[in-house]
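Text of final.txt (compact mmCIF, C-alpha atoms and all ligand atoms) as supplied:
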```
# COMPACT_ATOMS: atom_id res chain seq x y z
CA MET A 1 -48.26 -84.08 96.19
CA SER A 2 -45.21 -85.80 94.72
CA THR A 3 -45.18 -89.24 93.18
CA ILE A 4 -42.65 -91.95 93.99
CA PHE A 5 -41.92 -94.94 91.79
CA VAL A 6 -41.46 -98.06 93.92
CA THR A 7 -40.00 -101.25 92.43
CA GLY A 8 -40.69 -104.45 94.36
CA GLY A 9 -43.25 -102.60 96.48
CA ALA A 10 -45.52 -105.63 96.97
CA GLY A 11 -42.80 -107.46 98.94
CA PHE A 12 -42.10 -107.55 102.66
CA ILE A 13 -40.14 -104.34 103.13
CA GLY A 14 -41.70 -102.63 100.11
CA SER A 15 -45.29 -103.03 101.31
CA HIS A 16 -44.49 -101.58 104.74
CA THR A 17 -42.66 -98.67 103.13
CA CYS A 18 -45.56 -98.04 100.74
CA LEU A 19 -47.90 -97.86 103.72
CA LEU A 20 -45.80 -95.18 105.35
CA LEU A 21 -45.34 -93.22 102.11
CA LEU A 22 -49.11 -93.16 101.59
CA GLN A 23 -49.62 -92.01 105.18
CA LYS A 24 -47.10 -89.22 104.57
CA GLY A 25 -49.13 -88.05 101.58
CA TYR A 26 -47.15 -89.39 98.61
CA LYS A 27 -48.67 -90.85 95.49
CA LEU A 28 -47.18 -94.16 94.45
CA VAL A 29 -46.66 -96.12 91.29
CA VAL A 30 -45.56 -99.65 92.19
CA LEU A 31 -43.96 -102.10 89.76
CA ASP A 32 -43.64 -105.69 90.92
CA SER A 33 -43.43 -108.99 89.03
CA LEU A 34 -45.02 -110.76 92.07
CA ILE A 35 -42.32 -113.42 91.77
CA ASN A 36 -42.01 -113.41 95.55
CA SER A 37 -45.11 -111.57 96.69
CA SER A 38 -48.81 -111.03 96.27
CA LYS A 39 -50.79 -108.04 95.08
CA ILE A 40 -53.01 -108.54 98.12
CA SER A 41 -50.28 -106.92 100.24
CA LEU A 42 -50.86 -103.61 98.46
CA GLU A 43 -54.63 -103.93 98.59
CA ARG A 44 -54.29 -104.34 102.36
CA VAL A 45 -51.88 -101.42 102.57
CA SER A 46 -54.44 -99.26 100.83
CA GLU A 47 -57.22 -100.55 103.11
CA ILE A 48 -55.19 -99.73 106.20
CA VAL A 49 -54.56 -96.17 105.05
CA PHE A 50 -57.79 -95.36 103.16
CA GLN A 51 -60.22 -98.11 104.30
CA LYS A 52 -60.52 -99.10 100.60
CA TYR A 53 -58.42 -99.56 97.48
CA ASN A 54 -57.39 -96.07 96.42
CA SER A 55 -56.28 -96.23 92.81
CA GLU A 56 -55.73 -92.46 92.77
CA ARG A 57 -52.96 -92.73 95.32
CA ILE A 58 -51.45 -96.14 94.58
CA LYS A 59 -51.18 -97.58 91.12
CA PHE A 60 -49.95 -101.14 90.77
CA ILE A 61 -48.28 -102.49 87.64
CA ASN A 62 -47.48 -106.17 87.33
CA GLY A 63 -44.20 -106.40 85.43
CA ASP A 64 -40.47 -106.96 85.48
CA ILE A 65 -37.86 -104.26 86.03
CA ARG A 66 -35.78 -105.79 83.22
CA ASN A 67 -38.51 -104.89 80.73
CA ASN A 68 -37.09 -101.68 79.27
CA ASP A 69 -40.18 -100.91 77.14
CA LEU A 70 -42.49 -101.31 80.11
CA LEU A 71 -40.34 -99.03 82.26
CA GLU A 72 -40.24 -96.43 79.50
CA SER A 73 -43.99 -96.53 79.15
CA ILE A 74 -44.42 -96.08 82.92
CA PHE A 75 -42.08 -93.07 83.00
CA ASN A 76 -43.64 -91.69 79.84
CA ASP A 77 -47.17 -91.96 81.28
CA ALA A 78 -45.96 -90.12 84.36
CA VAL A 79 -44.76 -87.26 82.16
CA LEU A 80 -48.00 -87.22 80.15
CA ASN A 81 -50.03 -87.14 83.38
CA ARG A 82 -47.81 -84.34 84.72
CA GLU A 83 -46.85 -86.60 87.60
CA GLU A 84 -43.15 -87.03 86.96
CA PHE A 85 -41.55 -89.21 89.60
CA GLU A 86 -39.73 -87.21 92.22
CA GLY A 87 -37.76 -90.27 93.22
CA VAL A 88 -37.47 -94.03 93.02
CA ILE A 89 -37.24 -96.58 95.82
CA HIS A 90 -35.72 -99.71 94.36
CA PHE A 91 -36.58 -102.88 96.30
CA ALA A 92 -37.09 -105.26 93.39
CA GLY A 93 -34.68 -108.14 93.30
CA LEU A 94 -34.04 -111.70 94.37
CA LYS A 95 -32.74 -112.24 97.89
CA ALA A 96 -32.24 -115.92 98.76
CA VAL A 97 -28.58 -116.49 99.55
CA GLY A 98 -28.67 -120.26 99.01
CA GLU A 99 -30.50 -119.99 95.70
CA SER A 100 -27.95 -117.42 94.53
CA VAL A 101 -25.17 -119.95 95.12
CA SER A 102 -27.03 -122.55 93.03
CA TYR A 103 -28.13 -120.15 90.28
CA PRO A 104 -25.74 -117.19 90.23
CA LEU A 105 -26.69 -116.01 86.74
CA LYS A 106 -30.32 -115.74 87.75
CA TYR A 107 -29.20 -113.29 90.45
CA TRP A 108 -26.87 -111.29 88.21
CA ASP A 109 -29.65 -110.97 85.69
CA ALA A 110 -32.49 -110.03 88.05
CA ASN A 111 -30.53 -107.80 90.38
CA VAL A 112 -27.83 -106.20 88.26
CA ASN A 113 -29.45 -106.16 84.82
CA GLY A 114 -32.69 -105.08 86.47
CA SER A 115 -30.97 -102.17 88.19
CA ILE A 116 -29.14 -101.09 85.03
CA THR A 117 -32.39 -101.10 83.05
CA LEU A 118 -34.05 -99.01 85.75
CA LEU A 119 -31.16 -96.52 85.93
CA LYS A 120 -31.07 -96.09 82.15
CA VAL A 121 -34.76 -95.25 82.03
CA MET A 122 -34.50 -92.95 85.07
CA ASP A 123 -31.66 -91.09 83.36
CA LYS A 124 -33.59 -90.78 80.11
CA TYR A 125 -36.58 -89.29 81.94
CA ASN A 126 -34.48 -86.98 84.13
CA CYS A 127 -35.40 -88.72 87.36
CA ARG A 128 -32.10 -89.11 89.19
CA THR A 129 -33.06 -89.63 92.82
CA ILE A 130 -32.87 -93.22 94.04
CA VAL A 131 -32.98 -95.07 97.33
CA PHE A 132 -31.56 -98.54 96.83
CA SER A 133 -32.03 -101.69 98.97
CA SER A 134 -28.53 -102.83 99.75
CA SER A 135 -27.58 -105.24 102.51
CA ALA A 136 -25.25 -105.77 105.43
CA THR A 137 -24.40 -109.05 103.72
CA ILE A 138 -21.82 -107.17 101.62
CA TYR A 139 -19.51 -106.64 104.62
CA LYS A 140 -16.46 -108.84 105.08
CA LYS A 141 -17.09 -111.57 107.62
CA THR A 142 -15.01 -110.98 110.74
CA GLU A 143 -14.85 -112.60 114.14
CA ASN A 144 -13.92 -109.47 116.05
CA ASN A 145 -17.44 -108.61 117.31
CA LEU A 146 -17.13 -104.95 116.36
CA LYS A 147 -20.12 -103.02 115.12
CA LEU A 148 -19.94 -102.41 111.39
CA THR A 149 -19.64 -98.88 110.10
CA GLU A 150 -20.21 -97.87 106.51
CA ASN A 151 -16.41 -97.86 106.15
CA SER A 152 -15.93 -101.43 107.37
CA LYS A 153 -14.32 -103.81 104.90
CA ILE A 154 -16.52 -105.14 102.13
CA LYS A 155 -16.23 -108.66 100.81
CA PRO A 156 -19.46 -110.42 99.91
CA SER A 157 -19.33 -114.18 100.33
CA ASN A 158 -22.12 -115.26 97.97
CA PRO A 159 -23.52 -114.24 94.58
CA TYR A 160 -26.49 -112.45 96.15
CA GLY A 161 -24.22 -110.21 98.23
CA GLU A 162 -21.93 -109.70 95.27
CA THR A 163 -24.82 -108.42 93.14
CA LYS A 164 -25.74 -105.90 95.87
CA TYR A 165 -22.15 -104.67 96.04
CA VAL A 166 -21.89 -104.41 92.27
CA ILE A 167 -25.09 -102.34 92.14
CA GLU A 168 -23.60 -100.02 94.77
CA LYS A 169 -20.48 -99.76 92.59
CA ILE A 170 -22.56 -98.94 89.52
CA LEU A 171 -24.31 -96.21 91.50
CA ASN A 172 -20.97 -94.84 92.73
CA ASN A 173 -19.63 -94.86 89.22
CA LEU A 174 -22.70 -93.14 87.85
CA PHE A 175 -22.46 -90.46 90.50
CA ARG A 176 -18.80 -89.89 89.78
CA PHE A 177 -18.82 -89.85 86.01
CA SER A 178 -22.30 -88.85 84.88
CA SER A 179 -22.59 -85.37 83.48
CA SER A 180 -25.94 -85.08 85.28
CA LYS A 181 -26.49 -84.72 89.01
CA TRP A 182 -27.64 -87.84 90.84
CA LYS A 183 -28.99 -88.23 94.34
CA ILE A 184 -28.35 -91.74 95.63
CA ALA A 185 -28.76 -93.49 98.98
CA SER A 186 -27.78 -97.15 99.30
CA LEU A 187 -29.36 -98.45 102.48
CA ARG A 188 -27.57 -101.41 103.99
CA TYR A 189 -30.21 -103.28 105.96
CA PHE A 190 -29.38 -105.51 108.88
CA ASN A 191 -32.08 -108.03 109.93
CA PRO A 192 -35.62 -106.73 109.33
CA ILE A 193 -38.35 -108.63 111.20
CA GLY A 194 -41.80 -107.94 112.66
CA ALA A 195 -44.80 -106.58 110.82
CA HIS A 196 -47.24 -103.69 110.78
CA LYS A 197 -49.32 -103.53 113.97
CA SER A 198 -52.56 -104.18 112.06
CA GLY A 199 -51.44 -107.77 111.42
CA LEU A 200 -52.65 -107.34 107.83
CA ILE A 201 -49.27 -107.28 106.13
CA GLY A 202 -46.05 -109.09 106.92
CA GLU A 203 -43.31 -111.39 105.68
CA ASN A 204 -44.55 -114.15 103.43
CA PRO A 205 -41.67 -116.44 102.45
CA SER A 206 -42.37 -119.22 100.00
CA GLY A 207 -41.29 -122.74 100.97
CA ILE A 208 -39.10 -123.41 104.00
CA PRO A 209 -37.95 -120.09 105.47
CA ASN A 210 -34.20 -119.46 105.31
CA ASN A 211 -34.19 -116.80 107.97
CA ILE A 212 -34.71 -117.30 111.65
CA PHE A 213 -37.73 -115.10 112.33
CA PRO A 214 -40.19 -116.59 109.83
CA PHE A 215 -38.94 -120.01 110.91
CA ILE A 216 -39.74 -119.17 114.53
CA THR A 217 -43.25 -117.98 113.66
CA GLN A 218 -43.84 -121.17 111.68
CA VAL A 219 -42.68 -123.26 114.64
CA GLY A 220 -45.21 -121.19 116.59
CA LEU A 221 -47.85 -122.37 114.11
CA LYS A 222 -46.55 -125.94 114.53
CA LYS A 223 -45.68 -126.16 110.84
CA PHE A 224 -42.27 -127.35 112.09
CA ASP A 225 -41.63 -129.31 115.28
CA TYR A 226 -38.70 -127.23 116.44
CA LEU A 227 -36.20 -124.55 115.52
CA LYS A 228 -32.64 -125.58 114.80
CA VAL A 229 -30.23 -123.26 116.55
CA PHE A 230 -27.15 -123.10 114.36
CA GLY A 231 -24.38 -123.38 116.93
CA ASN A 232 -23.93 -122.50 120.60
CA ASP A 233 -20.15 -122.21 120.41
CA TRP A 234 -19.80 -118.78 118.79
CA ASP A 235 -17.67 -116.14 120.45
CA THR A 236 -20.76 -114.25 121.66
CA TYR A 237 -22.28 -113.51 125.06
CA ASP A 238 -24.22 -116.80 125.21
CA GLY A 239 -22.59 -118.79 122.38
CA SER A 240 -25.44 -118.39 119.88
CA GLY A 241 -25.36 -116.11 116.83
CA VAL A 242 -25.90 -112.41 117.44
CA ARG A 243 -27.75 -110.16 114.96
CA ASP A 244 -29.14 -106.67 114.73
CA TYR A 245 -32.89 -107.22 114.37
CA ILE A 246 -34.80 -104.15 113.25
CA HIS A 247 -38.58 -103.69 113.12
CA VAL A 248 -39.70 -103.47 109.50
CA MET A 249 -41.66 -100.28 110.29
CA ASP A 250 -38.49 -98.62 111.58
CA LEU A 251 -36.77 -99.74 108.40
CA ALA A 252 -39.64 -98.24 106.38
CA GLU A 253 -39.19 -94.96 108.29
CA GLY A 254 -35.52 -95.08 107.28
CA HIS A 255 -36.53 -95.12 103.60
CA VAL A 256 -38.81 -92.13 103.94
CA ALA A 257 -36.11 -90.27 105.88
CA ALA A 258 -33.48 -91.12 103.24
CA MET A 259 -35.74 -90.07 100.37
CA GLU A 260 -36.67 -86.78 102.05
CA TYR A 261 -33.02 -86.15 102.90
CA LEU A 262 -32.12 -86.53 99.22
CA PHE A 263 -34.99 -84.27 98.14
CA LYS A 264 -33.39 -81.40 100.05
CA LEU A 265 -30.02 -81.71 98.32
CA ASP A 266 -28.61 -80.85 94.95
CA GLU A 267 -26.56 -84.00 94.54
CA LYS A 268 -25.44 -86.79 96.85
CA ASN A 269 -24.19 -90.34 96.97
CA ILE A 270 -24.26 -92.05 100.34
CA ASN A 271 -24.22 -95.53 101.89
CA ILE A 272 -26.13 -95.87 105.15
CA ASN A 273 -26.47 -98.73 107.63
CA LEU A 274 -30.02 -99.32 108.83
CA GLY A 275 -29.98 -101.30 112.05
CA THR A 276 -30.74 -100.62 115.70
CA GLY A 277 -27.14 -101.00 116.86
CA ILE A 278 -28.35 -103.60 119.38
CA GLY A 279 -27.09 -107.18 119.14
CA THR A 280 -29.50 -109.97 120.11
CA SER A 281 -28.56 -113.63 120.37
CA VAL A 282 -30.64 -116.49 119.00
CA PHE A 283 -31.36 -117.65 122.56
CA ASP A 284 -32.54 -114.18 123.56
CA LEU A 285 -34.72 -113.91 120.47
CA ILE A 286 -36.33 -117.26 121.33
CA SER A 287 -36.93 -116.37 124.97
CA THR A 288 -38.34 -112.92 124.13
CA PHE A 289 -40.67 -114.42 121.51
CA LYS A 290 -41.90 -117.05 123.99
CA LYS A 291 -42.36 -114.56 126.80
CA VAL A 292 -44.29 -111.86 124.94
CA ASN A 293 -46.44 -114.23 122.92
CA LYS A 294 -46.93 -116.80 125.66
CA ILE A 295 -46.32 -119.77 123.39
CA GLU A 296 -43.97 -122.72 123.40
CA LEU A 297 -41.04 -122.64 121.04
CA PRO A 298 -39.15 -125.92 121.01
CA PHE A 299 -35.57 -125.74 119.73
CA LYS A 300 -32.53 -127.96 119.35
CA VAL A 301 -28.95 -126.81 119.12
CA VAL A 302 -27.35 -128.22 115.99
CA GLY A 303 -24.03 -127.53 114.25
CA ARG A 304 -23.09 -124.22 112.69
CA ARG A 305 -24.59 -123.35 109.30
CA ASP A 306 -22.09 -123.30 106.42
CA GLY A 307 -20.65 -119.84 105.83
CA ASP A 308 -22.42 -118.36 108.88
CA ILE A 309 -20.92 -115.77 111.21
CA GLY A 310 -21.31 -115.22 114.93
CA TYR A 311 -21.86 -111.48 115.11
CA LEU A 312 -23.37 -108.91 112.75
CA VAL A 313 -24.43 -105.62 114.31
CA ALA A 314 -24.68 -102.10 112.88
CA ASN A 315 -23.06 -98.94 113.97
CA ASN A 316 -26.05 -96.78 113.03
CA SER A 317 -24.72 -93.36 114.01
CA LEU A 318 -24.59 -92.11 110.43
CA ALA A 319 -28.30 -92.83 109.88
CA LYS A 320 -29.15 -91.15 113.17
CA SER A 321 -27.16 -87.99 112.55
CA LEU A 322 -27.72 -87.57 108.82
CA LEU A 323 -31.34 -88.66 108.50
CA ASN A 324 -32.48 -87.63 111.95
CA TRP A 325 -33.84 -91.15 112.15
CA GLU A 326 -34.06 -93.30 115.24
CA PRO A 327 -35.46 -96.82 115.49
CA SER A 328 -38.26 -96.74 118.05
CA LEU A 329 -39.60 -100.28 118.25
CA ASN A 330 -37.89 -102.83 120.49
CA LEU A 331 -37.41 -106.58 120.22
CA GLU A 332 -40.57 -107.30 122.19
CA GLU A 333 -42.64 -105.28 119.72
CA MET A 334 -40.94 -107.01 116.80
CA CYS A 335 -41.90 -110.39 118.28
CA ILE A 336 -45.48 -109.36 119.13
CA ASP A 337 -46.14 -107.77 115.73
CA GLY A 338 -44.47 -110.56 113.74
CA TRP A 339 -46.49 -113.22 115.56
CA ASN A 340 -49.71 -111.22 115.25
CA TRP A 341 -49.26 -111.20 111.47
CA GLN A 342 -48.35 -114.88 111.29
CA LYS A 343 -51.10 -116.25 113.53
CA ASN A 344 -53.76 -114.23 111.68
CA ASN A 345 -52.36 -115.25 108.30
CA PRO A 346 -51.01 -118.79 108.68
CA ASN A 347 -50.76 -119.13 104.89
CA GLY A 348 -49.52 -115.62 104.28
CA PHE A 349 -51.60 -113.90 101.62
CA GLN A 350 -53.02 -117.20 100.34
CA ASN A 351 -55.97 -117.32 102.67
P1 LIG B 1 -39.25 -109.52 98.93
O1 LIG B 1 -38.88 -110.69 98.10
O2 LIG B 1 -40.40 -109.64 99.85
O3 LIG B 1 -39.47 -108.23 98.00
C1 LIG B 1 -38.85 -108.08 96.75
C2 LIG B 1 -39.93 -107.78 95.75
O4 LIG B 1 -39.35 -107.62 94.45
C3 LIG B 1 -40.95 -108.92 95.64
O5 LIG B 1 -42.25 -108.39 95.74
C4 LIG B 1 -40.69 -109.51 94.26
O6 LIG B 1 -41.86 -110.04 93.67
C5 LIG B 1 -40.15 -108.32 93.51
N1 LIG B 1 -39.28 -108.65 92.38
C6 LIG B 1 -38.24 -109.51 92.38
N2 LIG B 1 -37.64 -109.51 91.17
C7 LIG B 1 -38.32 -108.61 90.41
C8 LIG B 1 -38.18 -108.15 89.08
N3 LIG B 1 -37.20 -108.62 88.26
N4 LIG B 1 -39.03 -107.21 88.61
C9 LIG B 1 -40.02 -106.73 89.42
N5 LIG B 1 -40.19 -107.13 90.67
C10 LIG B 1 -39.36 -108.06 91.17
O7 LIG B 1 -37.95 -109.09 99.76
P2 LIG B 1 -37.76 -108.00 100.88
O8 LIG B 1 -37.31 -108.70 102.10
O9 LIG B 1 -38.91 -107.10 100.92
O10 LIG B 1 -36.49 -107.25 100.28
C11 LIG B 1 -36.59 -106.08 99.51
C12 LIG B 1 -35.19 -105.69 99.07
O11 LIG B 1 -34.36 -105.54 100.22
C13 LIG B 1 -34.51 -106.72 98.20
O12 LIG B 1 -33.77 -106.06 97.20
C14 LIG B 1 -33.59 -107.44 99.16
O13 LIG B 1 -32.46 -107.96 98.50
C15 LIG B 1 -33.20 -106.33 100.11
N6 LIG B 1 -32.79 -106.81 101.44
C16 LIG B 1 -33.63 -107.58 102.18
C17 LIG B 1 -33.20 -108.03 103.44
C18 LIG B 1 -34.09 -108.92 104.30
O14 LIG B 1 -33.57 -109.50 105.26
N7 LIG B 1 -35.38 -109.01 104.04
C19 LIG B 1 -31.95 -107.69 103.93
C20 LIG B 1 -31.14 -106.88 103.16
C21 LIG B 1 -31.57 -106.44 101.92
N1 LIG B 2 -30.38 -119.13 112.69
C1 LIG B 2 -30.69 -120.26 113.43
N2 LIG B 2 -31.61 -121.13 112.92
C2 LIG B 2 -32.27 -120.90 111.74
C3 LIG B 2 -31.95 -119.74 111.00
C4 LIG B 2 -30.99 -118.89 111.50
O1 LIG B 2 -30.13 -120.50 114.49
O2 LIG B 2 -33.09 -121.74 111.34
C5 LIG B 2 -29.43 -118.17 113.26
C6 LIG B 2 -28.24 -117.88 112.39
O3 LIG B 2 -27.18 -118.77 112.65
C7 LIG B 2 -27.92 -116.44 112.79
C8 LIG B 2 -29.28 -115.84 113.12
O4 LIG B 2 -30.13 -116.93 113.37
O5 LIG B 2 -27.15 -116.44 113.96
C9 LIG B 2 -29.86 -115.01 111.98
O6 LIG B 2 -29.88 -115.80 110.80
P1 LIG B 2 -30.74 -115.34 109.51
O7 LIG B 2 -30.57 -116.40 108.48
O8 LIG B 2 -32.11 -114.98 109.92
O9 LIG B 2 -30.04 -113.98 109.09
P2 LIG B 2 -28.55 -113.68 108.59
O10 LIG B 2 -28.06 -112.52 109.38
O11 LIG B 2 -27.70 -114.87 108.62
O12 LIG B 2 -28.79 -113.24 107.10
C10 LIG B 2 -29.82 -112.33 106.76
C11 LIG B 2 -30.08 -112.43 105.26
C12 LIG B 2 -28.87 -111.90 104.52
C13 LIG B 2 -28.60 -110.49 104.99
C14 LIG B 2 -28.36 -110.48 106.49
C15 LIG B 2 -28.10 -109.09 106.99
O13 LIG B 2 -30.34 -113.76 104.89
O14 LIG B 2 -29.14 -111.87 103.15
O15 LIG B 2 -29.51 -111.01 107.13
O16 LIG B 2 -29.02 -108.23 106.47
F1 LIG B 2 -27.49 -110.01 104.40
```
Can you present the structure in this file as structure tokens?
Amino acid sequence: MSTIFVTGGAGFIGSHTCLLLLQKGYKLVVLDSLINSSKISLERVSEIVFQKYNSERIKFINGDIRNNDLLESIFNDAVLNREEFEGVIHFAGLKAVGESVSYPLKYWDANVNGSITLLKVMDKYNCRTIVFSSSATIYKKTENNLKLTENSKIKPSNPYGETKYVIEKILNNLFRFSSSKWKIASLRYFNPIGAHKSGLIGENPSGIPNNIFPFITQVGLKKFDYLKVFGNDWDTYDGSGVRDYIHVMDLAEGHVAAMEYLFKLDEKNININLGTGIGTSVFDLISTFKKVNKIELPFKVVGRRDGDIGYLVANNSLAKSLLNWEPSLNLEEMCIDGWNWQKNNPNGFQN
């Protein structure tokens, strides 16, 4: 049974991926500073899989990826226990676009310095297989409504996106110039939403949600009176913004597929879009959410959001062909599962 080191595994995407990794038989060591999450997510993950907390299979360490000594001690313990990490899934980082514009250095430090510290320790301990959380936000904004391929132009428009692109560049550079063999997959996520079917884990944003889906679920809870729709004059099929929403469990499957793909190879460096390839407008998202959950969802159309774009959809053929991965959950399931989580946990993990 191989052991995977997961950074940021208590967060939204990390917790769902941990669940799947445990179900597939992996052992996990999770490092998370809990700056944007709760340890309860992992306790619930373990309960879902094992009906109790299973410290043999999932070990949680509360700490920061920038702490070199801590990372070294974690890797060292793994060697001493004869459980060297077969690979690393690197979710840990800050992700709020607006905050990154206000505090860019905070983002450079957490995301880039954090990744460099992690890579240095991985290299030292001969663990050179990494799946990295990148983002579709790195692509150049265009108005041509074409699906983005991995070769589409890259031009991040905020510090958060810039840090993701720089980490990809560091990984590329390492692959090209290191004397050792690395296996690297940078996964460029589109718009993950939904939650595990149990309703026990899900997205838990602090403060006012920036993204549409948690905002919708909080309008569903009546924490907000209505959703603001940012523009109905985009060049899209109904004028509202179009995105590629992907169920977080499909995204989690993509991580397992990417990791297992790397395990089979000798060396590799690859960037992969993870999206469904299906564009959904804000109006369609609202009407699907209302229909499947049978609740009211008041909204008002307001002006466009600064720096927004009309259309962002993945060409996901590389993921399908290379990883033999296929998203299987549709928008209705994303809306049902996301609402199931939210209505059962109106205060997230703070119940
Ligand atoms: P999240 O905030 O729920 O998860 C990130 C986790 O990392 C949190 O648990 C947080 O506490 C932890 N963390 C942050 N800084 C840390 C540090 N210095 N040391 C240790 N732990 C730290 O976010 P998420 O939505 O699960 O995103 C996971 C990754 O995917 C992030 O890197 C994010 O940038 C990326 N991503 C997310 C989206 C999205 O829409 N959710 C889209 C594209 C990319
Ligand atoms: N939207 C609204 N009202 C809201 C929030 C959003 O109408 O209150 C609209 C936006 O205009 C857009 C769509 O809903 O058309 C999706 O917006 P999100 O903010 O949920 O998602 P974005 O695609 O704009 O951005 C998110 C992350 C980025 C990431 C990107 C792709 O915030 O970091 O997904 O992965 F890069």
Enumerate as an mmCIF file with C-alpha atoms, in the frame of the given file the residues within 8 Å of ligand LIG 1 (chain B), counting all atoms listed in the file.
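Saved as result.cif:
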```cif
data_model
loop_
_atom_site.group_PDB
_atom_site.id
_atom_site.type_symbol
_atom_site.label_atom_id
_atom_site.label_comp_id
_atom_site.auth_asym_id
_atom_site.auth_seq_id
_atom_site.Cartn_x
_atom_site.Cartn_y
_atom_site.Cartn_z
ATOM 1 C CA THR A 7 -40.000 -101.250 92.430
ATOM 2 C CA GLY A 8 -40.690 -104.450 94.360
ATOM 3 C CA GLY A 9 -43.250 -102.600 96.480
ATOM 4 C CA ALA A 10 -45.520 -105.630 96.970
ATOM 5 C CA GLY A 11 -42.800 -107.460 98.940
ATOM 6 C CA PHE A 12 -42.100 -107.550 102.660
ATOM 7 C CA ILE A 13 -40.140 -104.340 103.130
ATOM 8 C CA GLY A 14 -41.700 -102.630 100.110
ATOM 9 C CA SER A 15 -45.290 -103.030 101.310
ATOM 10 C CA LEU A 31 -43.960 -102.100 89.760
ATOM 11 C CA ASP A 32 -43.640 -105.690 90.920
ATOM 12 C CA SER A 33 -43.430 -108.990 89.030
ATOM 13 C CA LEU A 34 -45.020 -110.760 92.070
ATOM 14 C CA ILE A 35 -42.320 -113.420 91.770
ATOM 15 C CA ASN A 36 -42.010 -113.410 95.550
ATOM 16 C CA SER A 37 -45.110 -111.570 96.690
ATOM 17 C CA SER A 38 -48.810 -111.030 96.270
ATOM 18 C CA ASN A 62 -47.480 -106.170 87.330
ATOM 19 C CA GLY A 63 -44.200 -106.400 85.430
ATOM 20 C CA ASP A 64 -40.470 -106.960 85.480
ATOM 21 C CA ILE A 65 -37.860 -104.260 86.030
ATOM 22 C CA ARG A 66 -35.780 -105.790 83.220
ATOM 23 C CA HIS A 90 -35.720 -99.710 94.360
ATOM 24 C CA PHE A 91 -36.580 -102.880 96.300
ATOM 25 C CA ALA A 92 -37.090 -105.260 93.390
ATOM 26 C CA GLY A 93 -34.680 -108.140 93.300
ATOM 27 C CA LEU A 94 -34.040 -111.700 94.370
ATOM 28 C CA LYS A 95 -32.740 -112.240 97.890
ATOM 29 C CA ALA A 96 -32.240 -115.920 98.760
ATOM 30 C CA ALA A 110 -32.490 -110.030 88.050
ATOM 31 C CA ASN A 111 -30.530 -107.800 90.380
ATOM 32 C CA GLY A 114 -32.690 -105.080 86.470
ATOM 33 C CA PHE A 132 -31.560 -98.540 96.830
ATOM 34 C CA SER A 133 -32.030 -101.690 98.970
ATOM 35 C CA SER A 134 -28.530 -102.830 99.750
ATOM 36 C CA SER A 135 -27.580 -105.240 102.510
ATOM 37 C CA ALA A 136 -25.250 -105.770 105.430
ATOM 38 C CA THR A 137 -24.400 -109.050 103.720
ATOM 39 C CA TYR A 160 -26.490 -112.450 96.150
ATOM 40 C CA LYS A 164 -25.740 -105.900 95.870
ATOM 41 C CA ARG A 188 -27.570 -101.410 103.990
ATOM 42 C CA TYR A 189 -30.210 -103.280 105.960
ATOM 43 C CA PHE A 190 -29.380 -105.510 108.880
ATOM 44 C CA ASN A 191 -32.080 -108.030 109.930
ATOM 45 C CA PRO A 192 -35.620 -106.730 109.330
ATOM 46 C CA ILE A 193 -38.350 -108.630 111.200
ATOM 47 C CA GLU A 203 -43.310 -111.390 105.680
ATOM 48 C CA ASN A 204 -44.550 -114.150 103.430
ATOM 49 C CA PRO A 205 -41.670 -116.440 102.450
ATOM 50 C CA ASN A 211 -34.190 -116.800 107.970
#
```
Stretch 218-235 of chain A surroundings by only C-alpha atoms, 9 Å radius, close-in-sequence under 4 positions cut, as a PyMOL selection string: chain A and resi 143-145+209+212-214+239-242+282-283+295-305+308-311+339+342-343+346
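You can rank A:Leu200, A:Leu148, A:Met249, A:Ile170 by their closest distance to ligand LIG 2 (chain B) using all atoms listed in the file, and at the top of that list sits A:Leu148.
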Nearby residues, (-46.8, -89.5, 91.9) file frame, 7 Å, all atoms listed in the file, as a ChimeraX atom specification: /A:2-4,26-29,83-85
Could the residues in this selection be written to a file with C-alpha atoms, as a PDB file, keeping the file's coordinate frame?
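Writing done, so here's part18.pdb:
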```
ATOM      1  CA  SER A   2     -45.210 -85.800  94.720  1.00  0.00           C
ATOM      2  CA  THR A   3     -45.180 -89.240  93.180  1.00  0.00           C
ATOM      3  CA  ILE A   4     -42.650 -91.950  93.990  1.00  0.00           C
ATOM      4  CA  TYR A  26     -47.150 -89.390  98.610  1.00  0.00           C
ATOM      5  CA  LYS A  27     -48.670 -90.850  95.490  1.00  0.00           C
ATOM      6  CA  LEU A  28     -47.180 -94.160  94.450  1.00  0.00           C
ATOM      7  CA  VAL A  29     -46.660 -96.120  91.290  1.00  0.00           C
ATOM      8  CA  GLU A  83     -46.850 -86.600  87.600  1.00  0.00           C
ATOM      9  CA  GLU A  84     -43.150 -87.030  86.960  1.00  0.00           C
ATOM     10  CA  PHE A  85     -41.550 -89.210  89.600  1.00  0.00           C
TER      11      PHE A  85
END
```
Take every atom of ligand LIG 2 (chain B) listed in the file, pad by 4 Å on each side, and give me the axis-aligned box centre and edge lengths in Å, one decimal, as lines of an AutoDock Vina configuration file.
```
center_x = -30.1
center_y = -115.0
center_z = 108.8
size_x = 13.9
size_y = 21.5
size_z = 19.3
```
Residues of stretch 309-347 of chain A that approach stretch 263-272 of chain A to 8 Å or less, counting only C-alpha atoms: could you list each one with the shortest pair of atoms and its distance in Å to one decimal, rows by chain and increasing residue number, as a tab-separated table?
```
residue	atom	partner	partner_atom	distance
A:Asn316	CA	A:Ile272	CA	7.9
A:Leu318	CA	A:Ile272	CA	6.7
A:Ala319	CA	A:Ile272	CA	6.0
```
